[in-house]
$ cat start.cif   # mmCIF, C-alpha atoms
data_structure
#
loop_
_atom_site.group_PDB
_atom_site.id
_atom_site.type_symbol
_atom_site.label_atom_id
_atom_site.label_comp_id
_atom_site.auth_asym_id
_atom_site.auth_seq_id
_atom_site.Cartn_x
_atom_site.Cartn_y
_atom_site.Cartn_z
ATOM 1 C CA ALA A 281 -15.079 52.970 -69.816
ATOM 2 C CA ARG A 282 -17.260 53.715 -72.816
ATOM 3 C CA VAL A 283 -14.945 56.564 -73.838
ATOM 4 C CA PHE A 284 -12.152 53.975 -74.093
ATOM 5 C CA ASP A 285 -14.401 51.502 -75.955
ATOM 6 C CA VAL A 286 -14.698 49.135 -72.991
ATOM 7 C CA PRO A 287 -18.276 47.783 -73.110
ATOM 8 C CA VAL A 288 -20.186 47.797 -69.808
ATOM 9 C CA GLN A 289 -22.062 44.496 -69.555
ATOM 10 C CA ARG A 290 -24.081 45.351 -66.456
ATOM 11 C CA VAL A 291 -24.064 47.231 -63.167
ATOM 12 C CA VAL A 292 -24.107 44.755 -60.285
ATOM 13 C CA LEU A 293 -25.748 45.811 -57.024
ATOM 14 C CA THR A 294 -25.529 43.651 -53.909
ATOM 15 C CA TRP A 295 -26.675 44.108 -50.338
ATOM 16 C CA LEU A 296 -23.253 45.472 -49.388
ATOM 17 C CA ALA A 297 -21.733 47.053 -52.484
ATOM 18 C CA GLY A 298 -21.904 47.458 -56.237
ATOM 19 C CA HIS A 299 -19.644 47.515 -59.262
ATOM 20 C CA SER A 300 -19.643 47.813 -63.040
ATOM 21 C CA ALA A 301 -18.924 44.593 -64.933
ATOM 22 C CA PHE A 302 -16.911 45.169 -68.112
ATOM 23 C CA GLU A 303 -16.738 42.901 -71.147
ATOM 24 C CA ARG A 304 -12.953 43.356 -71.146
ATOM 25 C CA GLU A 305 -10.365 45.318 -69.196
ATOM 26 C CA PRO A 306 -8.820 48.617 -70.308
ATOM 27 C CA SER A 307 -5.932 47.989 -72.675
ATOM 28 C CA THR A 308 -3.299 50.208 -70.998
ATOM 29 C CA PRO A 309 -2.354 51.157 -67.399
ATOM 30 C CA ARG A 310 -3.294 54.795 -68.066
ATOM 31 C CA ARG A 311 -6.774 53.870 -69.217
ATOM 32 C CA MET A 312 -7.210 51.539 -66.253
ATOM 33 C CA VAL A 313 -6.338 54.387 -63.862
ATOM 34 C CA LEU A 314 -8.790 56.787 -65.506
ATOM 35 C CA VAL A 315 -11.616 54.241 -65.491
ATOM 36 C CA ALA A 316 -10.930 53.296 -61.860
ATOM 37 C CA VAL A 317 -10.668 56.853 -60.540
ATOM 38 C CA ALA A 318 -14.010 57.849 -62.111
ATOM 39 C CA GLY A 319 -15.974 56.045 -59.379
ATOM 40 C CA PRO A 320 -14.407 57.721 -56.327
ATOM 41 C CA VAL A 321 -14.459 61.095 -58.109
ATOM 42 C CA ALA A 322 -18.203 60.673 -58.651
ATOM 43 C CA ASN A 323 -18.680 59.846 -54.946
ATOM 44 C CA LEU A 324 -16.611 62.813 -53.796
ATOM 45 C CA GLY A 325 -18.423 65.114 -56.230
ATOM 46 C CA LEU A 326 -21.781 63.992 -54.822
ATOM 47 C CA ALA A 327 -20.434 64.512 -51.293
ATOM 48 C CA VAL A 328 -19.435 68.119 -52.065
ATOM 49 C CA LEU A 329 -22.770 68.845 -53.745
ATOM 50 C CA ALA A 330 -24.702 67.336 -50.838
ATOM 51 C CA TRP A 331 -22.596 69.309 -48.314
ATOM 52 C CA PHE A 332 -23.399 72.642 -49.965
ATOM 53 C CA THR A 333 -27.049 71.587 -50.120
ATOM 54 C CA TYR A 334 -26.931 70.798 -46.403
ATOM 55 C CA LYS A 335 -25.443 74.217 -45.653
ATOM 56 C CA ALA A 336 -28.115 75.958 -47.745
ATOM 57 C CA LEU A 337 -31.065 74.232 -46.041
ATOM 58 C CA PRO A 338 -32.596 75.222 -42.675
ATOM 59 C CA ASP A 339 -31.211 73.300 -39.702
ATOM 60 C CA ALA A 340 -33.045 70.328 -38.203
ATOM 61 C CA THR A 341 -35.219 69.647 -41.232
ATOM 62 C CA ILE A 342 -35.675 66.340 -43.045
ATOM 63 C CA GLY A 343 -33.953 67.789 -46.106
ATOM 64 C CA SER A 344 -30.898 68.936 -44.170
ATOM 65 C CA VAL A 345 -30.566 65.555 -42.419
ATOM 66 C CA LEU A 346 -30.796 63.683 -45.717
ATOM 67 C CA ALA A 347 -28.279 66.030 -47.360
ATOM 68 C CA PHE A 348 -25.845 65.593 -44.446
ATOM 69 C CA CYS A 349 -26.164 61.788 -44.599
ATOM 70 C CA LEU A 350 -25.668 61.859 -48.371
ATOM 71 C CA ALA A 351 -22.536 63.975 -47.971
ATOM 72 C CA TRP A 352 -21.162 61.751 -45.192
ATOM 73 C CA THR A 353 -21.797 58.396 -46.923
ATOM 74 C CA ASN A 354 -20.494 59.493 -50.338
ATOM 75 C CA GLY A 355 -17.431 61.105 -48.800
ATOM 76 C CA LEU A 356 -16.669 57.988 -46.762
ATOM 77 C CA VAL A 357 -17.196 55.635 -49.720
ATOM 78 C CA GLY A 358 -15.137 57.859 -52.035
ATOM 79 C CA ILE A 359 -12.170 58.030 -49.662
ATOM 80 C CA TYR A 360 -12.273 54.341 -48.697
ATOM 81 C CA ASN A 361 -12.598 53.321 -52.338
ATOM 82 C CA LEU A 362 -9.304 55.075 -53.098
ATOM 83 C CA LEU A 363 -7.373 52.812 -50.710
ATOM 84 C CA PRO A 364 -4.795 50.739 -52.636
ATOM 85 C CA GLY A 365 -6.162 47.215 -52.650
ATOM 86 C CA LEU A 366 -8.433 45.119 -54.855
ATOM 87 C CA PRO A 367 -11.388 44.997 -55.347
ATOM 88 C CA LEU A 368 -11.483 48.738 -54.529
ATOM 89 C CA ASP A 369 -10.941 51.298 -57.276
ATOM 90 C CA GLY A 370 -7.765 52.315 -55.490
ATOM 91 C CA GLY A 371 -6.658 48.716 -55.950
ATOM 92 C CA GLN A 372 -7.201 49.062 -59.698
ATOM 93 C CA ILE A 373 -5.035 52.201 -59.601
ATOM 94 C CA LEU A 374 -2.311 50.301 -57.705
ATOM 95 C CA ARG A 375 -2.645 47.427 -60.165
ATOM 96 C CA ALA A 376 -2.212 49.766 -63.127
ATOM 97 C CA THR A 377 0.756 51.491 -61.454
ATOM 98 C CA LEU A 378 2.544 48.182 -60.825
ATOM 99 C CA TRP A 379 1.715 47.120 -64.380
ATOM 100 C CA ALA A 380 3.275 50.326 -65.746
ATOM 101 C CA ILE A 381 6.397 50.000 -63.569
ATOM 102 C CA THR A 382 7.063 46.304 -64.205
ATOM 103 C CA HIS A 383 5.542 46.097 -67.712
ATOM 104 C CA ASN A 384 3.780 42.974 -66.456
ATOM 105 C CA ALA A 385 -0.004 42.959 -65.969
ATOM 106 C CA ARG A 386 0.177 39.787 -63.873
ATOM 107 C CA THR A 387 2.528 41.421 -61.346
ATOM 108 C CA GLY A 388 0.098 44.315 -60.987
ATOM 109 C CA THR A 389 -2.865 42.000 -60.417
ATOM 110 C CA VAL A 390 -1.130 39.810 -57.824
ATOM 111 C CA GLY A 391 0.356 42.779 -55.953
ATOM 112 C CA ALA A 392 -2.947 44.674 -55.792
ATOM 113 C CA ALA A 393 -4.822 41.520 -54.731
ATOM 114 C CA TRP A 394 -2.434 40.888 -51.826
ATOM 115 C CA ALA A 395 -2.764 44.559 -50.834
ATOM 116 C CA GLY A 396 -6.531 44.031 -50.833
ATOM 117 C CA ARG A 397 -6.148 41.087 -48.476
ATOM 118 C CA VAL A 398 -4.068 43.219 -46.083
ATOM 119 C CA LEU A 399 -6.620 46.051 -46.224
ATOM 120 C CA GLY A 400 -9.436 43.594 -45.637
ATOM 121 C CA VAL A 401 -7.768 42.173 -42.543
ATOM 122 C CA ALA A 402 -7.015 45.702 -41.258
ATOM 123 C CA THR A 403 -10.635 46.775 -41.843
ATOM 124 C CA GLY A 404 -11.903 43.670 -40.079
ATOM 125 C CA ALA A 405 -9.548 44.241 -37.136
ATOM 126 C CA PHE A 406 -10.777 47.841 -36.822
ATOM 127 C CA GLY A 407 -14.343 46.566 -36.967
ATOM 128 C CA LEU A 408 -13.610 44.046 -34.228
ATOM 129 C CA TYR A 409 -12.213 46.843 -32.077
ATOM 130 C CA LEU A 410 -15.357 48.953 -32.587
ATOM 131 C CA ALA A 411 -17.600 45.951 -31.912
ATOM 132 C CA THR A 412 -16.067 45.562 -28.454
ATOM 133 C CA ARG A 413 -16.776 49.190 -27.531
ATOM 134 C CA PRO A 414 -19.519 49.742 -24.934
ATOM 135 C CA ASN A 415 -21.796 52.060 -26.967
ATOM 136 C CA ALA A 416 -24.276 50.828 -29.573
ATOM 137 C CA PRO A 417 -23.309 53.169 -32.475
ATOM 138 C CA ASP A 418 -19.693 51.970 -32.356
ATOM 139 C CA GLN A 419 -20.853 48.358 -32.230
ATOM 140 C CA SER A 420 -23.080 48.879 -35.276
ATOM 141 C CA GLU A 421 -20.255 50.505 -37.241
ATOM 142 C CA GLY A 422 -17.933 47.719 -36.118
ATOM 143 C CA LEU A 423 -20.303 45.122 -37.570
ATOM 144 C CA TRP A 424 -20.318 46.912 -40.927
ATOM 145 C CA ALA A 425 -16.524 47.183 -40.882
ATOM 146 C CA LEU A 426 -16.250 43.442 -40.173
ATOM 147 C CA LEU A 427 -18.558 42.668 -43.119
ATOM 148 C CA ILE A 428 -16.651 44.982 -45.448
ATOM 149 C CA GLY A 429 -13.332 43.507 -44.327
ATOM 150 C CA ALA A 430 -14.624 39.985 -44.969
ATOM 151 C CA MET A 431 -15.854 41.037 -48.418
ATOM 152 C CA MET A 432 -12.441 42.536 -49.178
ATOM 153 C CA VAL A 433 -10.589 39.345 -48.219
ATOM 154 C CA ILE A 434 -13.014 37.120 -50.150
ATOM 155 C CA SER A 435 -12.925 39.311 -53.276
ATOM 156 C CA SER A 436 -9.142 39.756 -53.339
ATOM 157 C CA SER A 437 -8.685 36.021 -52.798
ATOM 158 C CA GLY A 438 -11.043 35.457 -55.736
ATOM 159 C CA VAL A 439 -8.837 37.688 -57.897
ATOM 160 C CA LEU A 440 -5.812 35.555 -56.987
ATOM 161 C CA ARG A 441 -7.721 32.382 -57.917
ATOM 162 C CA GLN A 442 -8.732 33.907 -61.246
ATOM 163 C CA GLN A 443 -5.116 34.842 -61.924
ATOM 164 C CA ALA A 444 -4.060 31.283 -61.145
ATOM 165 C CA LEU A 445 -6.558 30.119 -63.791
ATOM 166 C CA ARG A 446 -5.159 32.619 -66.292
ATOM 167 C CA ASP A 447 -1.679 31.271 -65.589
ATOM 168 C CA ARG A 448 -2.875 27.836 -66.736
ATOM 169 C CA LEU A 449 -4.486 29.105 -69.938
ATOM 170 C CA PRO A 450 -1.370 28.843 -72.150
ATOM 171 C CA ALA A 451 -1.344 25.076 -71.528
ATOM 172 C CA LEU A 452 -5.048 24.795 -72.320
ATOM 173 C CA THR A 453 -5.144 23.572 -75.932
ATOM 174 C CA ALA A 454 -7.858 21.669 -77.749
ATOM 175 C CA ARG A 455 -5.371 19.211 -79.280
ATOM 176 C CA ARG A 456 -3.767 18.320 -75.955
ATOM 177 C CA LEU A 457 -7.059 17.777 -74.122
ATOM 178 C CA THR A 458 -8.964 15.999 -76.886
ATOM 179 C CA ARG A 459 -9.740 12.316 -76.495
ATOM 180 C CA ARG A 460 -9.208 10.061 -79.473
ATOM 181 C CA ALA A 461 -12.632 9.336 -80.944
ATOM 182 C CA LEU A 462 -14.089 6.555 -83.051
ATOM 183 C CA PRO A 463 -16.739 7.412 -85.676
ATOM 184 C CA VAL A 464 -19.771 5.106 -85.476
ATOM 185 C CA ALA A 465 -23.130 4.763 -87.215
ATOM 186 C CA PRO A 466 -26.188 5.717 -85.149
ATOM 187 C CA ASP A 467 -27.716 2.217 -85.383
ATOM 188 C CA LEU A 468 -24.631 0.445 -84.010
ATOM 189 C CA PRO A 469 -25.337 -1.371 -80.697
ATOM 190 C CA ILE A 470 -23.643 0.123 -77.645
ATOM 191 C CA SER A 471 -21.877 -3.156 -76.865
ATOM 192 C CA GLU A 472 -20.270 -3.279 -80.312
ATOM 193 C CA ALA A 473 -19.357 0.412 -80.206
ATOM 194 C CA VAL A 474 -17.661 -0.013 -76.818
ATOM 195 C CA ARG A 475 -15.807 -3.105 -78.080
ATOM 196 C CA ARG A 476 -14.529 -1.238 -81.139
ATOM 197 C CA ALA A 477 -13.505 1.756 -79.052
ATOM 198 C CA GLN A 478 -11.539 -0.421 -76.642
ATOM 199 C CA GLU A 479 -9.887 -2.213 -79.540
ATOM 200 C CA ALA A 480 -8.898 1.093 -81.144
ATOM 201 C CA GLN A 481 -7.911 2.558 -77.742
ATOM 202 C CA ALA A 482 -10.377 5.399 -78.335
ATOM 203 C CA ARG A 483 -11.981 7.231 -75.417
ATOM 204 C CA GLY A 484 -14.828 8.853 -77.314
ATOM 205 C CA LEU A 485 -17.533 7.984 -79.830
ATOM 206 C CA VAL A 486 -18.769 10.338 -82.544
ATOM 207 C CA VAL A 487 -21.975 9.528 -84.426
ATOM 208 C CA VAL A 488 -21.616 10.116 -88.172
ATOM 209 C CA ASP A 489 -24.066 10.012 -91.067
ATOM 210 C CA GLY A 490 -23.735 8.020 -94.266
ATOM 211 C CA ASN A 491 -21.306 10.578 -95.673
ATOM 212 C CA GLY A 492 -19.048 10.450 -92.623
ATOM 213 C CA ARG A 493 -20.136 13.858 -91.322
ATOM 214 C CA PRO A 494 -20.414 14.074 -87.506
ATOM 215 C CA THR A 495 -23.975 14.553 -86.274
ATOM 216 C CA GLY A 496 -23.663 13.845 -82.563
ATOM 217 C CA VAL A 497 -21.509 12.793 -79.631
ATOM 218 C CA VAL A 498 -22.196 9.690 -77.565
ATOM 219 C CA ASN A 499 -22.725 10.672 -73.952
ATOM 220 C CA GLU A 500 -20.256 8.788 -71.758
ATOM 221 C CA ALA A 501 -22.472 9.008 -68.671
ATOM 222 C CA ALA A 502 -25.460 7.594 -70.594
ATOM 223 C CA VAL A 503 -23.378 4.653 -71.832
ATOM 224 C CA THR A 504 -22.116 3.937 -68.315
ATOM 225 C CA ALA A 505 -25.684 4.093 -66.962
ATOM 226 C CA THR A 506 -26.912 1.512 -69.509
ATOM 227 C CA PRO A 507 -26.795 -2.010 -67.967
ATOM 228 C CA VAL A 508 -24.327 -4.324 -69.698
ATOM 229 C CA ALA A 509 -27.085 -6.840 -70.423
ATOM 230 C CA ARG A 510 -29.090 -4.223 -72.381
ATOM 231 C CA ARG A 511 -26.217 -2.782 -74.398
ATOM 232 C CA PRO A 512 -26.558 -5.248 -77.335
ATOM 233 C CA TRP A 513 -30.176 -4.056 -77.773
ATOM 234 C CA VAL A 514 -29.599 -0.314 -77.428
ATOM 235 C CA ASN A 515 -28.003 1.625 -80.288
ATOM 236 C CA VAL A 516 -25.556 4.479 -79.827
ATOM 237 C CA GLY A 517 -27.941 6.955 -81.460
ATOM 238 C CA SER A 518 -30.260 6.707 -78.438
ATOM 239 C CA VAL A 519 -27.471 7.684 -76.017
ATOM 240 C CA SER A 520 -25.966 10.438 -78.160
ATOM 241 C CA ARG A 521 -26.523 14.171 -78.214
ATOM 242 C CA GLY A 522 -26.754 16.179 -81.399
ATOM 243 C CA VAL A 523 -24.166 18.902 -81.818
ATOM 244 C CA VAL A 524 -24.788 22.414 -83.082
ATOM 245 C CA ALA A 525 -22.276 24.398 -85.107
ATOM 246 C CA ALA A 526 -20.864 26.148 -82.021
ATOM 247 C CA GLN A 527 -20.003 22.756 -80.502
ATOM 248 C CA PHE A 528 -17.598 21.919 -83.303
ATOM 249 C CA ILE A 529 -14.263 23.026 -81.865
ATOM 250 C CA PRO A 530 -11.371 23.814 -84.236
ATOM 251 C CA ALA A 531 -8.360 21.737 -83.212
ATOM 252 C CA HIS A 532 -6.083 24.799 -83.143
ATOM 253 C CA LEU A 533 -8.068 26.667 -80.454
ATOM 254 C CA GLU A 534 -6.314 27.326 -77.154
ATOM 255 C CA GLY A 535 -6.360 29.524 -74.047
ATOM 256 C CA GLU A 536 -9.060 32.165 -73.691
ATOM 257 C CA ALA A 537 -10.368 31.588 -77.222
ATOM 258 C CA LEU A 538 -11.084 27.949 -76.358
ATOM 259 C CA LEU A 539 -12.777 28.826 -73.074
ATOM 260 C CA LYS A 540 -14.899 31.493 -74.751
ATOM 261 C CA GLN A 541 -16.288 29.050 -77.319
ATOM 262 C CA LEU A 542 -17.023 26.466 -74.631
ATOM 263 C CA GLN A 543 -18.848 29.078 -72.539
ATOM 264 C CA GLU A 544 -20.911 30.271 -75.496
ATOM 265 C CA SER A 545 -22.317 26.776 -76.072
ATOM 266 C CA PRO A 546 -22.243 24.736 -72.839
ATOM 267 C CA ALA A 547 -22.179 20.948 -73.294
ATOM 268 C CA THR A 548 -20.621 17.857 -71.735
ATOM 269 C CA GLU A 549 -18.763 16.827 -74.922
ATOM 270 C CA TYR A 550 -17.647 18.636 -78.080
ATOM 271 C CA VAL A 551 -16.474 17.431 -81.479
ATOM 272 C CA VAL A 552 -12.960 18.652 -82.300
ATOM 273 C CA VAL A 553 -12.381 19.053 -86.016
ATOM 274 C CA GLU A 554 -9.442 19.708 -88.309
ATOM 275 C CA PRO A 555 -9.469 22.647 -90.790
ATOM 276 C CA ASP A 556 -10.739 20.283 -93.527
ATOM 277 C CA GLY A 557 -13.718 19.276 -91.368
ATOM 278 C CA SER A 558 -12.447 15.817 -90.448
ATOM 279 C CA VAL A 559 -12.957 14.607 -86.883
ATOM 280 C CA TYR A 560 -9.902 14.939 -84.655
ATOM 281 C CA GLY A 561 -11.594 13.659 -81.503
ATOM 282 C CA VAL A 562 -13.906 14.453 -78.601
ATOM 283 C CA LEU A 563 -13.312 17.163 -76.031
ATOM 284 C CA ALA A 564 -14.968 16.529 -72.659
ATOM 285 C CA ALA A 565 -15.889 19.551 -70.531
ATOM 286 C CA SER A 566 -14.761 17.588 -67.457
ATOM 287 C CA ASP A 567 -11.245 17.302 -68.922
ATOM 288 C CA VAL A 568 -11.100 21.088 -69.439
ATOM 289 C CA ALA A 569 -12.283 21.679 -65.871
ATOM 290 C CA ALA A 570 -9.642 19.278 -64.539
ATOM 291 C CA ALA A 571 -6.934 21.092 -66.530
ATOM 292 C CA LEU A 572 -8.037 24.435 -65.093
ATOM 293 C CA ARG A 573 -7.924 23.044 -61.551
ATOM 294 C CA GLY A 574 -4.356 21.940 -62.201
#
$ encode --input "start.cif" --output "structure tokens"
Amino acid sequence: ARVFDVPVQRVVLTWLAGHSAFEREPSTPRRMVLVAVAGPVANLGLAVLAWFTYKALPDATIGSVLAFCLAWTNGLVGIYNLLPGLPLDGGQILRATLWAITHNARTGTVGAAWAGRVLGVATGAFGLYLATRPNAPDQSEGLWALLIGAMMVISSSGVLRQQALRDRLPALTARRLTRRALPVAPDLPISEAVRRAQEAQARGLVVVDGNGRPTGVVNEAAVTATPVARRPWVNVGSVSRGVVAAQFIPAHLEGEALLKQLQESPATEYVVVEPDGSVYGVLAASDVAAALRG
């Protein structure tokens, strides 16, 4: 991955498996294949090395047993990992192959994810068969196969959900999701601010300074939680949240670029601004989440 300038964010190890998390995916099918095949090749190389070590060591020693187990486990993992279904490396190879044939990355992802589901069910069925065998070793291996099959189905289903989110990204635009906002002074009572917003048919309130520059966003939940009887005595500044530079969203942002900026500075509301710095409106994180859910 590093050879192809794909940054490795971290190596994730779990109780059942592990994988490398990349900042972005390889840019071409060929690169995806080469990155994916590196893992199984490493496993198979370790298996061969451990096998020759096992053969070179005296029989029935701790070293020979460990070498045999290392050869067996790496060989098994390497071969299984080459099976064509996500999230296995073989699934990435299938994904890249379908991408190259159809010239459509989405087709490759969906096809490899469904193949992963089929492999997961087949692995689980084989595990169920072993679990019903009368001897304990088969039952133990059957349990592991059931767990791996379940992981396969869950992971491949997760890939399909992620693809469904990506399919919605083109419709995810800051302008379309932004609520019309009313600029208000920080010392304005909540009751008056709400009245003005209703009159202007605005669904958001932006706190501005004396020069009209936005300094904060009024928190909708905090306004709702303030009793109606107290609203004339509470100003909007006390129920607003200051915004940092990263929470000013350019109105032209859309798709992955919009999501990336929201993720870099999590908040409940953002100020959407035009290129000249004027306030376009308020973007609520809940509205973005609802758009992603479809």
$ atom_distance --input "start.cif" --atom1 "CA of Ala405 in chain A" --atom2 "CA of Ile434 in chain A"
15.2 Å
$ closest_residue --input "start.cif" --among "A:Val486, A:Leu350, A:Ala569, A:Val401" --to "Val328 in chain A" --atoms "all atoms listed in the file"
A:Leu350
$ closest_atom_pairs --input "start.cif" --of "range 430-466 of chain A" --to "range 473-478 of chain A" --cutoff "8 Å" --atoms "all atoms listed in the file" --output "CSV"
residue,atom,partner,partner_atom,distance
A:Ala461,CA,A:Ala477,CA,7.9
A:Leu462,CA,A:Ala477,CA,6.3
A:Val464,CA,A:Ala473,CA,7.1
$ write_last_selection --input "start.cif" --atoms "C-alpha atoms" --output "mmCIF file, in the coordinates of the input"
data_model
loop_
_atom_site.group_PDB
_atom_site.id
_atom_site.type_symbol
_atom_site.label_atom_id
_atom_site.label_comp_id
_atom_site.auth_asym_id
_atom_site.auth_seq_id
_atom_site.Cartn_x
_atom_site.Cartn_y
_atom_site.Cartn_z
ATOM 1 C CA ALA A 461 -12.632 9.336 -80.944
ATOM 2 C CA LEU A 462 -14.089 6.555 -83.051
ATOM 3 C CA VAL A 464 -19.771 5.106 -85.476
#
$ residues_around --input "start.cif" --residues "range 487-499 of chain A" --least-positions-apart "3" --cutoff "12 Å" --atoms "only C-alpha atoms" --output "count of residues only"
50
$ closest_residue --input "start.cif" --among "A:Ala318, A:Leu485, A:Leu337, A:Leu452" --to "Ala570 in chain A" --atoms "all atoms listed in the file"
A:Leu452
$ build_atoms --input "start.cif" --residues "range 326-339 of chain A" --atoms "N, CA, C and O atoms" --output "PDB file, in the frame of the given file"
ATOM      1  N   LEU A 326     -20.453  64.023 -55.461  1.00  0.00           N
ATOM      2  CA  LEU A 326     -21.781  63.992 -54.822  1.00  0.00           C
ATOM      3  C   LEU A 326     -21.692  64.459 -53.374  1.00  0.00           C
ATOM      4  O   LEU A 326     -22.605  65.144 -52.868  1.00  0.00           O
ATOM      5  N   ALA A 327     -20.603  64.094 -52.687  1.00  0.00           N
ATOM      6  CA  ALA A 327     -20.434  64.512 -51.293  1.00  0.00           C
ATOM      7  C   ALA A 327     -20.342  66.029 -51.192  1.00  0.00           C
ATOM      8  O   ALA A 327     -20.966  66.644 -50.308  1.00  0.00           O
ATOM      9  N   VAL A 328     -19.575  66.653 -52.081  1.00  0.00           N
ATOM     10  CA  VAL A 328     -19.435  68.119 -52.065  1.00  0.00           C
ATOM     11  C   VAL A 328     -20.768  68.782 -52.368  1.00  0.00           C
ATOM     12  O   VAL A 328     -21.180  69.742 -51.688  1.00  0.00           O
ATOM     13  N   LEU A 329     -21.470  68.284 -53.378  1.00  0.00           N
ATOM     14  CA  LEU A 329     -22.770  68.845 -53.745  1.00  0.00           C
ATOM     15  C   LEU A 329     -23.760  68.724 -52.594  1.00  0.00           C
ATOM     16  O   LEU A 329     -24.490  69.678 -52.278  1.00  0.00           O
ATOM     17  N   ALA A 330     -23.786  67.546 -51.957  1.00  0.00           N
ATOM     18  CA  ALA A 330     -24.702  67.336 -50.838  1.00  0.00           C
ATOM     19  C   ALA A 330     -24.332  68.222 -49.643  1.00  0.00           C
ATOM     20  O   ALA A 330     -25.215  68.702 -48.918  1.00  0.00           O
ATOM     21  N   TRP A 331     -23.031  68.456 -49.430  1.00  0.00           N
ATOM     22  CA  TRP A 331     -22.596  69.309 -48.314  1.00  0.00           C
ATOM     23  C   TRP A 331     -23.066  70.746 -48.503  1.00  0.00           C
ATOM     24  O   TRP A 331     -23.589  71.366 -47.562  1.00  0.00           O
ATOM     25  N   PHE A 332     -22.925  71.279 -49.704  1.00  0.00           N
ATOM     26  CA  PHE A 332     -23.399  72.642 -49.965  1.00  0.00           C
ATOM     27  C   PHE A 332     -24.924  72.716 -49.866  1.00  0.00           C
ATOM     28  O   PHE A 332     -25.477  73.729 -49.417  1.00  0.00           O
ATOM     29  N   THR A 333     -25.594  71.634 -50.269  1.00  0.00           N
ATOM     30  CA  THR A 333     -27.049  71.587 -50.120  1.00  0.00           C
ATOM     31  C   THR A 333     -27.428  71.605 -48.646  1.00  0.00           C
ATOM     32  O   THR A 333     -28.363  72.307 -48.229  1.00  0.00           O
ATOM     33  N   TYR A 334     -26.698  70.840 -47.840  1.00  0.00           N
ATOM     34  CA  TYR A 334     -26.931  70.798 -46.403  1.00  0.00           C
ATOM     35  C   TYR A 334     -26.752  72.192 -45.786  1.00  0.00           C
ATOM     36  O   TYR A 334     -27.565  72.629 -44.955  1.00  0.00           O
ATOM     37  N   LYS A 335     -25.700  72.892 -46.189  1.00  0.00           N
ATOM     38  CA  LYS A 335     -25.443  74.217 -45.653  1.00  0.00           C
ATOM     39  C   LYS A 335     -26.520  75.224 -46.070  1.00  0.00           C
ATOM     40  O   LYS A 335     -26.809  76.186 -45.339  1.00  0.00           O
ATOM     41  N   ALA A 336     -27.115  75.008 -47.241  1.00  0.00           N
ATOM     42  CA  ALA A 336     -28.115  75.958 -47.745  1.00  0.00           C
ATOM     43  C   ALA A 336     -29.500  75.733 -47.150  1.00  0.00           C
ATOM     44  O   ALA A 336     -30.345  76.634 -47.203  1.00  0.00           O
ATOM     45  N   LEU A 337     -29.745  74.559 -46.569  1.00  0.00           N
ATOM     46  CA  LEU A 337     -31.065  74.232 -46.041  1.00  0.00           C
ATOM     47  C   LEU A 337     -31.175  74.641 -44.571  1.00  0.00           C
ATOM     48  O   LEU A 337     -30.176  74.707 -43.859  1.00  0.00           O
ATOM     49  N   PRO A 338     -32.401  74.909 -44.097  1.00  0.00           N
ATOM     50  CA  PRO A 338     -32.596  75.222 -42.675  1.00  0.00           C
ATOM     51  C   PRO A 338     -32.174  74.046 -41.798  1.00  0.00           C
ATOM     52  O   PRO A 338     -32.306  72.887 -42.197  1.00  0.00           O
ATOM     53  N   ASP A 339     -31.649  74.351 -40.618  1.00  0.00           N
ATOM     54  CA  ASP A 339     -31.211  73.300 -39.702  1.00  0.00           C
ATOM     55  C   ASP A 339     -32.388  72.466 -39.217  1.00  0.00           C
ATOM     56  O   ASP A 339     -33.533  72.932 -39.158  1.00  0.00           O
TER      57      ASP A 339
END
